[in-house]
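Asks: Could you have a look at this structure, given as structure tokens, before my questions?
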Amino acid sequence: MKKIILLCYLLLNWTVLFSQNEKINVIVFGAHPDDCDIDTGGTAILLAKMGHNVKFVSLTNGDAGHYAMGGGELAKIRIAEAKEAGKRFGVEYTVLDNHDGELMPTLENRLKVIREIRKWNADVVIAPRPNDYHPDHRYTGVLVQDAAYMVIVPNVAPEVPPLQKNPVFLYSEDSFQKPSPFEPDIAVIIDAVFDQKVYAMSAHKSQFFEWLPWTAGNLDKVPKDDKGRLEMLANWRSQPPKEALLKCAEKWYGTKASSAKHIEGFEICEYGKQPTDEEIRTLFPMLQK
């Protein structure tokens, strides 16, 4: 009897040890090259440093996001920038060949999303909410929502094996209030990797130092040197965390949250797996500290 108890004890400990060492697969969807970086970059770095697998997917090639060039020329630049950003984040970066500004929630695009999620064997899927100023952002949210259940249906996109379980689907943080404001369920403090996030984002030169400043009327104020540009980008991303995000961070970090300067928040989508707090800590192991 003692031998049986001992064997069960060893098997239980082996199972726990195995589950702790198992790699977590996270896939993040954005409408354009650089969207995933802004919303989830710090969390991605933390997960990658822990040895987990993170993939960024841009649903468009970004071929409309510039004031002086466009089309194939711009798409090549933005794809190259995304690949460089992926190296700096420590993630895989894929850019799909859909035109910027023309993304639609079609069956064809839904199947593309389903295939990406399945190929990555995703445990967690992150995307924007489907309420946003930009139609590409909105439809990225819709497409990922529409894929949420279908990723486990064998007869949908049958050329790629279905997942055995529905992943946890999460929305990344935004500031839009209608029809409902963002409500964080998970908050990840990224202070320790904030500088790396900014450096990785700076790979998107055509966006952060050309296109976005031009749309804001500030192109003449962009520094010419790399140090100045990094400082500019850091200042832009250094907005104090909102009260709801700080309150959420307190749940996961306790008193440490009060001194946090940079937090990435995520809201659980109702269409995927509904994780327990313990499951969330497993999927986001940085919350255990």
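Chain labels run A, B, ... following the order of the structure tokens; each chain numbers its residues from 1, and ligands are numbered from 1 in the order shown.
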Which residues, written as a count of residues only, have at least one atom at most 12 Å from A:Glu173, with only C-alpha atoms counted and residues fewer than 2 positions away on the same chain left out?

Replies: 35

Asks: List every residue of stretch 140-221 of chain A that DSSP, applied to the backbone of this structure, assigns to strand (DSSP E or B), and report them as a ChimeraX atom specification.

Replies: /A:168-172,186-189

Asks: I'd like to know which of A:Lys251, A:His32, A:Lys119, A:Lys261 is closest to A:Val193, using only C-alpha atoms.

Replies: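 The answer is A:Lys261, which sits nearest to A:Val193.
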